[in-house]
$ cat target_20.cif   # mmCIF, C-alpha atoms
data_structure
#
loop_
_atom_site.label_atom_id
_atom_site.label_comp_id
_atom_site.auth_asym_id
_atom_site.auth_seq_id
_atom_site.Cartn_x
_atom_site.Cartn_y
_atom_site.Cartn_z
CA MET I 1 -46.01 -14.14 -8.63
CA SER I 2 -47.02 -16.47 -11.48
CA ILE I 3 -48.18 -15.28 -14.91
CA SER I 4 -51.81 -16.09 -14.05
CA HIS I 5 -51.52 -14.07 -10.85
CA HIS I 6 -49.98 -11.17 -12.77
CA LEU I 7 -52.87 -11.21 -15.25
CA LEU I 8 -55.41 -11.41 -12.43
CA PHE I 9 -53.71 -8.48 -10.68
CA LEU I 10 -53.87 -6.38 -13.86
CA ALA I 11 -57.55 -7.28 -14.20
CA CYS I 12 -58.08 -6.05 -10.64
CA VAL I 13 -56.23 -2.82 -11.52
CA ALA I 14 -58.50 -2.33 -14.53
CA LEU I 15 -61.64 -2.84 -12.42
CA ALA I 16 -60.37 -0.53 -9.67
CA THR I 17 -59.45 2.15 -12.23
CA TYR I 18 -62.89 1.95 -13.82
CA ALA I 19 -64.52 2.28 -10.40
CA GLN I 20 -62.31 5.29 -9.60
CA THR I 21 -63.06 7.02 -12.90
CA MET I 22 -66.82 6.55 -12.58
CA THR I 23 -67.26 7.27 -8.87
CA GLY I 24 -64.39 9.68 -8.08
CA PHE I 25 -62.73 7.50 -5.45
CA ALA I 26 -62.33 3.89 -4.25
CA PHE I 27 -59.37 2.92 -6.47
CA GLY I 28 -57.14 1.97 -3.56
CA LEU I 29 -59.77 0.13 -1.54
CA VAL I 30 -61.10 -1.83 -4.53
CA LEU I 31 -57.58 -2.90 -5.53
CA LEU I 32 -56.62 -3.72 -1.94
CA GLY I 33 -59.84 -5.63 -1.36
CA LEU I 34 -59.59 -7.73 -4.52
CA SER I 35 -55.87 -8.39 -4.03
CA GLY I 36 -56.57 -9.50 -0.48
CA VAL I 37 -59.47 -11.76 -1.42
CA PHE I 38 -57.43 -13.44 -4.19
CA GLN I 39 -54.23 -13.32 -2.06
CA LEU I 40 -52.21 -11.71 -4.85
CA ALA I 41 -49.90 -9.65 -2.64
CA SER I 42 -49.58 -8.29 0.88
CA VAL I 43 -51.56 -5.24 2.01
CA ALA I 44 -48.33 -3.26 2.43
CA GLU I 45 -47.11 -4.03 -1.08
CA VAL I 46 -50.43 -3.21 -2.76
CA ALA I 47 -50.65 0.02 -0.75
CA ASN I 48 -47.24 1.02 -2.13
CA ILE I 49 -48.44 0.32 -5.67
CA VAL I 50 -51.58 2.39 -5.08
CA SER I 51 -49.42 5.31 -3.86
CA VAL I 52 -47.30 5.26 -7.02
CA LEU I 53 -50.24 4.96 -9.41
CA SER I 54 -52.26 7.64 -7.60
CA LEU I 55 -49.33 10.04 -7.69
CA VAL I 56 -48.69 9.51 -11.41
CA ASN I 57 -52.38 9.92 -12.22
CA ALA I 58 -52.56 13.13 -10.17
CA ALA I 59 -49.38 14.50 -11.77
CA VAL I 60 -50.84 13.99 -15.26
CA THR I 61 -54.09 15.71 -14.26
CA LEU I 62 -52.46 18.63 -12.47
CA ALA I 63 -50.04 19.20 -15.35
CA ARG I 64 -52.92 20.18 -17.61
CA ALA I 65 -53.91 23.28 -15.66
CA LYS I 66 -53.25 25.16 -12.44
CA PRO I 67 -55.59 23.68 -9.81
CA GLN I 68 -58.18 25.88 -8.11
CA VAL I 69 -57.93 25.13 -4.40
CA ASN I 70 -59.56 26.79 -1.41
CA TRP I 71 -56.31 27.03 0.55
CA SER I 72 -57.84 28.61 3.65
CA LEU I 73 -59.94 25.48 4.17
CA MET I 74 -57.46 22.91 2.94
CA ARG I 75 -54.42 24.04 4.95
CA PRO I 76 -55.81 22.62 8.24
CA ALA I 77 -56.84 19.42 6.45
CA MET I 78 -53.40 19.05 4.87
CA PHE I 79 -51.61 19.68 8.15
CA ALA I 80 -53.70 17.06 9.97
CA SER I 81 -53.45 14.70 7.02
CA LEU I 82 -49.64 14.72 7.05
CA ILE I 83 -49.61 13.81 10.73
CA GLY I 84 -52.20 11.11 10.02
CA VAL I 85 -50.08 9.62 7.23
CA ALA I 86 -47.11 9.27 9.59
CA ILE I 87 -49.34 7.59 12.18
CA GLY I 88 -50.85 5.28 9.56
CA VAL I 89 -47.45 4.20 8.19
CA ALA I 90 -46.18 3.51 11.71
CA ALA I 91 -49.33 1.52 12.50
CA LEU I 92 -48.97 -0.45 9.26
CA THR I 93 -45.40 -1.40 10.11
CA TRP I 94 -46.39 -2.52 13.62
CA ILE I 95 -49.55 -4.42 12.64
CA SER I 96 -47.94 -6.10 9.61
CA GLY I 97 -45.15 -7.40 11.78
CA SER I 98 -47.15 -8.54 14.79
CA MET I 99 -50.66 -9.35 13.66
CA SER I 100 -51.37 -9.39 9.93
CA VAL I 101 -54.81 -10.88 10.50
CA LEU I 102 -55.82 -7.75 12.40
CA LEU I 103 -54.68 -5.66 9.43
CA GLN I 104 -56.87 -7.77 7.15
CA LEU I 105 -59.85 -7.27 9.47
CA LEU I 106 -59.24 -3.52 9.64
CA LEU I 107 -59.02 -3.31 5.86
CA GLY I 108 -62.30 -5.20 5.49
CA VAL I 109 -64.08 -2.85 7.91
CA THR I 110 -62.66 0.17 6.08
CA ILE I 111 -63.89 -1.17 2.74
CA LEU I 112 -67.40 -1.69 4.15
CA ALA I 113 -67.39 1.87 5.48
CA CYS I 114 -66.32 3.08 2.03
CA ALA I 115 -69.24 1.19 0.48
CA VAL I 116 -71.68 2.91 2.83
CA LEU I 117 -70.23 6.35 2.04
CA LEU I 118 -70.51 5.60 -1.67
CA VAL I 119 -74.31 5.32 -1.52
CA ALA I 120 -74.95 7.68 1.40
CA ARG I 121 -76.91 10.74 0.40
CA ALA I 122 -75.47 13.40 2.63
CA LYS I 123 -77.49 16.60 2.83
CA PRO I 124 -75.49 19.58 1.48
CA LEU I 125 -74.60 22.18 4.07
CA GLU I 126 -75.81 25.77 3.82
CA GLN I 127 -72.52 27.19 5.09
CA LEU I 128 -68.91 26.06 5.26
CA SER I 129 -67.91 23.73 8.08
CA SER I 130 -65.45 24.87 10.74
CA LYS I 131 -61.71 24.54 10.35
CA ALA I 132 -61.78 22.08 13.25
CA SER I 133 -63.90 19.73 11.14
CA PHE I 134 -61.34 19.93 8.34
CA LEU I 135 -58.63 19.09 10.86
CA PHE I 136 -60.62 16.04 12.00
CA PHE I 137 -61.50 14.67 8.57
CA GLY I 138 -58.01 15.48 7.28
CA GLY I 139 -56.48 13.50 10.13
CA ILE I 140 -58.73 10.48 9.55
CA SER I 141 -57.97 10.59 5.82
CA GLY I 142 -54.26 10.77 6.57
CA VAL I 143 -54.36 7.68 8.80
CA LEU I 144 -56.19 5.72 6.08
CA GLY I 145 -53.70 7.05 3.55
CA GLY I 146 -50.78 5.88 5.66
CA LEU I 147 -52.30 2.47 6.34
CA PHE I 148 -53.82 1.62 2.97
CA SER I 149 -52.91 4.51 0.64
CA SER I 150 -56.69 5.12 0.49
CA ALA I 151 -57.32 8.52 2.01
CA GLY I 152 -60.42 9.20 -0.05
CA PRO I 153 -63.65 8.30 1.77
CA PRO I 154 -63.63 10.70 4.77
CA MET I 155 -62.53 13.83 2.87
CA VAL I 156 -64.67 13.01 -0.17
CA TYR I 157 -67.72 12.74 2.09
CA HIS I 158 -66.85 15.94 3.97
CA LEU I 159 -65.89 18.12 1.02
CA TYR I 160 -68.82 17.19 -1.21
CA ARG I 161 -71.17 18.45 1.52
CA GLN I 162 -69.59 21.91 1.41
CA PRO I 163 -71.18 24.78 -0.58
CA LEU I 164 -68.19 25.00 -2.92
CA PRO I 165 -67.80 24.76 -6.72
CA LEU I 166 -67.31 21.18 -7.90
CA ALA I 167 -64.06 22.12 -9.64
CA SER I 168 -62.65 23.48 -6.39
CA ILE I 169 -63.68 20.33 -4.51
CA ARG I 170 -62.12 17.98 -7.05
CA ASN I 171 -58.90 19.96 -7.29
CA SER I 172 -58.63 20.22 -3.51
CA LEU I 173 -59.02 16.46 -3.16
CA LEU I 174 -56.48 15.84 -5.90
CA VAL I 175 -53.87 18.08 -4.27
CA LEU I 176 -54.49 16.59 -0.82
CA PHE I 177 -54.21 12.99 -2.02
CA SER I 178 -51.10 13.80 -4.06
CA LEU I 179 -49.44 15.27 -0.98
CA ASN I 180 -50.41 12.20 1.03
CA ALA I 181 -48.96 9.89 -1.62
CA VAL I 182 -45.64 11.78 -1.73
CA VAL I 183 -45.24 11.77 2.05
CA ARG I 184 -46.23 8.12 2.30
CA LEU I 185 -43.74 7.04 -0.36
CA VAL I 186 -40.96 9.02 1.34
CA LEU I 187 -41.74 7.40 4.70
CA VAL I 188 -42.00 3.80 3.47
CA THR I 189 -38.90 4.20 1.30
CA GLY I 190 -36.99 5.60 4.25
CA GLN I 191 -38.02 2.56 6.29
CA GLY I 192 -36.87 0.22 3.52
CA GLU I 193 -40.44 -1.00 3.00
CA PHE I 194 -40.67 -0.08 -0.69
CA MET I 195 -39.50 -3.17 -2.55
CA ALA I 196 -38.42 -3.52 -6.18
CA SER I 197 -41.46 -5.74 -6.78
CA SER I 198 -43.76 -2.83 -5.91
CA PHE I 199 -42.00 -0.66 -8.48
CA TRP I 200 -42.21 -3.22 -11.28
CA MET I 201 -45.85 -4.04 -10.56
CA SER I 202 -46.59 -0.31 -10.71
CA VAL I 203 -44.85 -0.07 -14.09
CA GLN I 204 -46.91 -3.00 -15.39
CA ALA I 205 -50.16 -1.51 -14.11
CA LEU I 206 -49.61 2.04 -15.39
CA PRO I 207 -50.64 1.40 -19.04
CA VAL I 208 -53.80 -0.34 -17.76
CA VAL I 209 -54.66 2.67 -15.58
CA ILE I 210 -54.12 5.14 -18.44
CA GLY I 211 -56.03 3.03 -20.99
CA VAL I 212 -59.04 2.27 -18.79
CA THR I 213 -59.27 5.89 -17.63
CA TRP I 214 -59.29 7.15 -21.22
CA VAL I 215 -61.96 4.66 -22.35
CA ALA I 216 -64.19 5.28 -19.32
CA ARG I 217 -64.07 9.07 -19.70
CA ARG I 218 -64.71 8.92 -23.43
CA TYR I 219 -67.63 6.51 -23.47
CA SER I 220 -69.31 6.87 -20.07
CA THR I 221 -72.83 8.29 -19.73
CA ALA I 222 -74.90 9.55 -16.81
CA GLY I 223 -76.94 6.33 -16.87
CA SER I 224 -73.87 4.12 -16.87
CA MET I 225 -72.41 6.05 -13.94
CA LYS I 226 -75.44 5.20 -11.80
CA THR I 227 -75.19 1.54 -12.78
CA VAL I 228 -71.46 1.39 -12.09
CA LYS I 229 -71.99 3.07 -8.71
CA CYS I 230 -74.34 0.24 -7.70
CA MET I 231 -71.89 -2.36 -9.03
CA VAL I 232 -69.01 -0.81 -7.10
CA PHE I 233 -71.15 -0.81 -3.96
CA VAL I 234 -71.79 -4.55 -4.33
CA LEU I 235 -68.14 -5.17 -5.18
CA LEU I 236 -66.94 -3.33 -2.08
CA LEU I 237 -69.41 -5.21 0.11
CA ALA I 238 -68.24 -8.55 -1.29
CA ALA I 239 -64.55 -7.64 -0.96
CA GLY I 240 -65.02 -6.31 2.56
CA MET I 241 -66.87 -9.40 3.76
CA GLY I 242 -64.37 -11.60 1.93
CA LEU I 243 -61.66 -10.13 4.15
CA ILE I 244 -63.63 -9.79 7.40
CA VAL I 245 -65.11 -13.29 7.64
CA PRO I 246 -61.82 -15.28 7.34
CA ALA I 247 -59.97 -12.84 9.61
CA ALA I 248 -62.73 -12.98 12.23
CA ARG I 249 -62.65 -16.79 12.19
CA ILE I 250 -58.89 -16.86 12.70
CA LEU I 251 -59.07 -14.36 15.56
CA ALA I 252 -61.95 -16.27 17.17
CA ALA I 253 -60.09 -19.57 16.89
CA GLY I 254 -56.91 -18.07 18.28
#

$ encode --input "target_20.cif" --output "structure tokens"
Amino acid sequence: MSISHHLLFLACVALATYAQTMTGFAFGLVLLGLSGVFQLASVAEVANIVSVLSLVNAAVTLARAKPQVNWSLMRPAMFASLIGVAIGVAALTWISGSMSVLLQLLLGVTILACAVLLVARAKPLEQLSSKASFLFFGGISGVLGGLFSSAGPPMVYHLYRQPLPLASIRNSLLVLFSLNAVVRLVLVTGQGEFMASSFWMSVQALPVVIGVTWVARRYSTAGSMKTVKCMVFVLLLAAGMGLIVPAARILAAG
């Protein structure tokens, strides 16, 4: 990767971190989408970088205080999520080797779905959902976590509808995504799919993640959050279509 590509990648990391800090999710999909549009690195490599950065960020946050988690609800989600991660990693290995264009198309569709969830106004539930629903959404999140290291959208949508304290929701999501990241890194490392380049790009990106997160939390306002949410929505739409359209053309021509 050239110096200009390195700088562009770090700029994408900064934008993805800002989006994550202001909206609560979308770091992985924004970074994957922008990296794919600008062809900075493969989906598999960027997903590895996202796993490392997400895990470090979660470790720093969890180290500050003991997380409050509703374990009775999250155990089914975590169980299903771990199985989903394994399925997602296996699917990533197969698709990357046989049909990378299909992986690009799938990523684009996932990013568009994330954009819709970002602006969707789901009606809060009056009572907690069933454990079966947590199994379902946990499994879907796990598959996305295994494929793209972006397990956020399904569980974020599901949990924020529950009549639970916001602190419990955020901590539950943080613990779930941390567990996903650990399992994913173990699996891809065991398969020999975690390259040295992923490690060094993670090291380069870490100061950007820490710096942008600190600035965003210190100077953000309620008004700016609404504006950024709209900007992230447009960004995700553009990134998703930027991946879908070329991939669809290639598949149609082939």

$ atom_distance --input "target_20.cif" --atom1 "CA of Ala205 (chain I)" --atom2 "CA of Ser178 (chain I)"
18.3 Å

$ atom_distance --input "target_20.cif" --atom1 "CA of Ile140 (chain I)" --atom2 "CA of Ala80 (chain I)"
8.3 Å

$ resolve_selection --input "target_20.cif" --expression "the PyMOL selection byres ((chain I and resi 204) around 12)" --output "JSON, numbers by chain"
{"I": [6, 7, 9, 10, 11, 13, 14, 49, 52, 53, 197, 198, 199, 200, 201, 202, 203, 205, 206, 207, 208, 209, 210]}

$ resolve_selection --input "target_20.cif" --expression "the PyMOL selection byres ((chain I and resi 149) around 7)" --output "list of chain:residue names"
I:Gly28, I:Ala47, I:Val50, I:Ser51, I:Leu144, I:Gly145, I:Gly146, I:Leu147, I:Phe148, I:Ser150, I:Ala151

$ resolve_selection --input "target_20.cif" --expression "the PyMOL selection byres ((chain I and resi 243) around 8)" --output "tab-separated table (two decimals) with C-alpha atoms, in the frame of the given file"
chain	number	residue	atom	x	y	z
I	33	GLY	CA	-59.84	-5.63	-1.36
I	36	GLY	CA	-56.57	-9.50	-0.48
I	37	VAL	CA	-59.47	-11.76	-1.42
I	104	GLN	CA	-56.87	-7.77	7.15
I	105	LEU	CA	-59.85	-7.27	9.47
I	107	LEU	CA	-59.02	-3.31	5.86
I	108	GLY	CA	-62.30	-5.20	5.49
I	239	ALA	CA	-64.55	-7.64	-0.96
I	240	GLY	CA	-65.02	-6.31	2.56
I	241	MET	CA	-66.87	-9.40	3.76
I	242	GLY	CA	-64.37	-11.60	1.93
I	244	ILE	CA	-63.63	-9.79	7.40
I	245	VAL	CA	-65.11	-13.29	7.64
I	246	PRO	CA	-61.82	-15.28	7.34
I	247	ALA	CA	-59.97	-12.84	9.61

$ closest_residue --input "target_20.cif" --among "I:Ala19, I:Leu128, I:Val46, I:Leu174" --to "Leu32 (chain I)" --atoms "only C-alpha atoms"
I:Val46

$ atom_distance --input "target_20.cif" --atom1 "CA of Ser100 (chain I)" --atom2 "CA of Ile250 (chain I)"
11.0 Å

$ closest_residue --input "target_20.cif" --among "I:Met74, I:Leu40, I:Leu103, I:Leu237" --to "Cys12 (chain I)" --atoms "only C-alpha atoms"
I:Leu40

$ residues_near_point --input "target_20.cif" --point "(-39.9, 0.2, 6.6)" --cutoff "12 Å" --atoms "all atoms listed in the file" --output "list in words"
Ala44, Glu45, Asn48, Ala86, Val89, Ala90, Ala91, Leu92, Thr93, Trp94, Ser96, Gly97, Arg184, Leu185, Val186, Leu187, Val188, Thr189, Gly190, Gln191, Gly192, Glu193, Phe194 and Met195 of chain I

$ closest_residue --input "target_20.cif" --among "I:Phe38, I:Trp214, I:Phe137, I:Phe79" --to "Pro153 (chain I)" --atoms "all atoms listed in the file"
I:Phe137

$ axis_aligned_box --input "target_20.cif" --around "region 118-133 of chain I" --padding-each-side "5 Å" --output "AutoDock Vina command-line options"
--center_x -69.6 --center_y 16.3 --center_z 5.8 --size_x 25.8 --size_y 31.9 --size_z 24.9

$ closest_residue --input "target_20.cif" --among "I:Ile111, I:Ser141, I:Tyr157, I:Gly88" --to "Leu31 (chain I)" --atoms "only C-alpha atoms"
I:Ile111

$ residues_around --input "target_20.cif" --residues "Gly84 (chain I)" --least-positions-apart "5" --cutoff "6 Å" --atoms "only C-alpha atoms" --output "VMD selection string"
chain I and resid 139 142 to 143

$ closest_residue --input "target_20.cif" --among "I:Val212, I:Ala58, I:Leu135, I:Val109" --to "Ala181 (chain I)" --atoms "all atoms listed in the file"
I:Ala58

$ residues_around --input "target_20.cif" --residues "Trp71 (chain I)" --least-positions-apart "3" --cutoff "12 Å" --atoms "all atoms listed in the file" --output "list in words"
Pro67, Gln68, Met74, Arg75, Pro76, Ala77, Met78, Phe79, Lys131, Phe134, Ser168, Ile169, Asn171, Ser172, Leu173, Val175 and Leu176 of chain I

$ decode --input "target_20.cif" --residues "region 86-99 of chain I" --atoms "all heavy atoms" --output "CSV table (one decimal), in the first residue's frame"
chain,number,residue,atom,x,y,z
I,86,ALA,N,-18.8,-18.4,13.8
I,86,ALA,CA,-18.1,-19.5,13.1
I,86,ALA,C,-18.6,-19.7,11.7
I,86,ALA,O,-17.9,-20.0,10.8
I,86,ALA,CB,-18.3,-20.8,14.0
I,87,ILE,N,-19.9,-19.6,11.6
I,87,ILE,CA,-20.5,-19.8,10.2
I,87,ILE,C,-20.1,-18.6,9.3
I,87,ILE,O,-19.7,-18.8,8.1
I,87,ILE,CB,-22.1,-19.8,10.3
I,87,ILE,CG1,-22.5,-21.0,11.1
I,87,ILE,CG2,-22.7,-19.7,9.0
I,87,ILE,CD1,-24.0,-21.0,11.4
I,88,GLY,N,-20.0,-17.4,9.9
I,88,GLY,CA,-19.6,-16.3,9.1
I,88,GLY,C,-18.2,-16.3,8.6
I,88,GLY,O,-17.9,-16.0,7.5
I,89,VAL,N,-17.3,-16.8,9.5
I,89,VAL,CA,-15.9,-16.9,9.1
I,89,VAL,C,-15.7,-18.0,8.1
I,89,VAL,O,-14.9,-17.8,7.1
I,89,VAL,CB,-15.0,-17.2,10.4
I,89,VAL,CG1,-13.6,-17.6,10.0
I,89,VAL,CG2,-15.0,-16.0,11.3
I,90,ALA,N,-16.4,-19.1,8.2
I,90,ALA,CA,-16.3,-20.2,7.2
I,90,ALA,C,-16.9,-19.7,5.9
I,90,ALA,O,-16.3,-20.0,4.8
I,90,ALA,CB,-17.1,-21.4,7.7
I,91,ALA,N,-18.0,-18.9,5.9
I,91,ALA,CA,-18.5,-18.4,4.7
I,91,ALA,C,-17.6,-17.4,4.0
I,91,ALA,O,-17.4,-17.3,2.8
I,91,ALA,CB,-19.9,-17.7,4.9
I,92,LEU,N,-16.9,-16.6,4.8
I,92,LEU,CA,-16.0,-15.6,4.3
I,92,LEU,C,-14.8,-16.3,3.6
I,92,LEU,O,-14.4,-15.9,2.5
I,92,LEU,CB,-15.4,-14.7,5.5
I,92,LEU,CG,-14.4,-13.7,5.1
I,92,LEU,CD1,-14.9,-12.7,4.1
I,92,LEU,CD2,-13.8,-13.0,6.3
I,93,THR,N,-14.3,-17.3,4.2
I,93,THR,CA,-13.2,-18.1,3.6
I,93,THR,C,-13.6,-18.7,2.3
I,93,THR,O,-12.9,-18.6,1.3
I,93,THR,CB,-12.7,-19.2,4.5
I,93,THR,OG1,-12.3,-18.6,5.8
I,93,THR,CG2,-11.6,-20.0,3.9
I,94,TRP,N,-14.8,-19.2,2.2
I,94,TRP,CA,-15.3,-19.9,1.0
I,94,TRP,C,-15.6,-18.8,-0.1
I,94,TRP,O,-15.2,-19.0,-1.3
I,94,TRP,CB,-16.6,-20.7,1.3
I,94,TRP,CG,-17.2,-21.3,0.0
I,94,TRP,CD1,-16.7,-22.3,-0.7
I,94,TRP,CD2,-18.4,-20.8,-0.7
I,94,TRP,NE1,-17.5,-22.6,-1.8
I,94,TRP,CE2,-18.5,-21.7,-1.8
I,94,TRP,CE3,-19.3,-19.8,-0.4
I,94,TRP,CZ2,-19.6,-21.5,-2.7
I,94,TRP,CZ3,-20.3,-19.6,-1.3
I,94,TRP,CH2,-20.5,-20.5,-2.4
I,95,ILE,N,-16.3,-17.8,0.2
I,95,ILE,CA,-16.7,-16.7,-0.7
I,95,ILE,C,-15.5,-16.0,-1.3
I,95,ILE,O,-15.3,-15.7,-2.4
I,95,ILE,CB,-17.7,-15.8,-0.2
I,95,ILE,CG1,-19.0,-16.5,0.2
I,95,ILE,CG2,-18.0,-14.7,-1.2
I,95,ILE,CD1,-20.0,-15.6,0.9
I,96,SER,N,-14.5,-15.7,-0.3
I,96,SER,CA,-13.3,-14.9,-0.8
I,96,SER,C,-12.5,-15.7,-1.7
I,96,SER,O,-11.9,-15.2,-2.7
I,96,SER,CB,-12.5,-14.6,0.5
I,96,SER,OG,-13.1,-13.7,1.3
I,97,GLY,N,-12.5,-17.1,-1.6
I,97,GLY,CA,-11.7,-17.9,-2.4
I,97,GLY,C,-12.4,-18.2,-3.8
I,97,GLY,O,-11.7,-18.4,-4.8
I,98,SER,N,-13.7,-18.3,-3.8
I,98,SER,CA,-14.4,-18.7,-5.0
I,98,SER,C,-15.1,-17.6,-5.8
I,98,SER,O,-15.1,-17.6,-7.0
I,98,SER,CB,-15.4,-19.8,-4.7
I,98,SER,OG,-16.4,-19.2,-3.8
I,99,MET,N,-15.6,-16.6,-5.1
I,99,MET,CA,-16.3,-15.5,-5.8
I,99,MET,C,-16.3,-14.2,-5.0
I,99,MET,O,-17.2,-13.9,-4.3
I,99,MET,CB,-17.8,-16.0,-6.0
I,99,MET,CG,-18.5,-15.4,-7.1
I,99,MET,SD,-20.1,-16.2,-7.5
I,99,MET,CE,-20.5,-15.3,-9.0
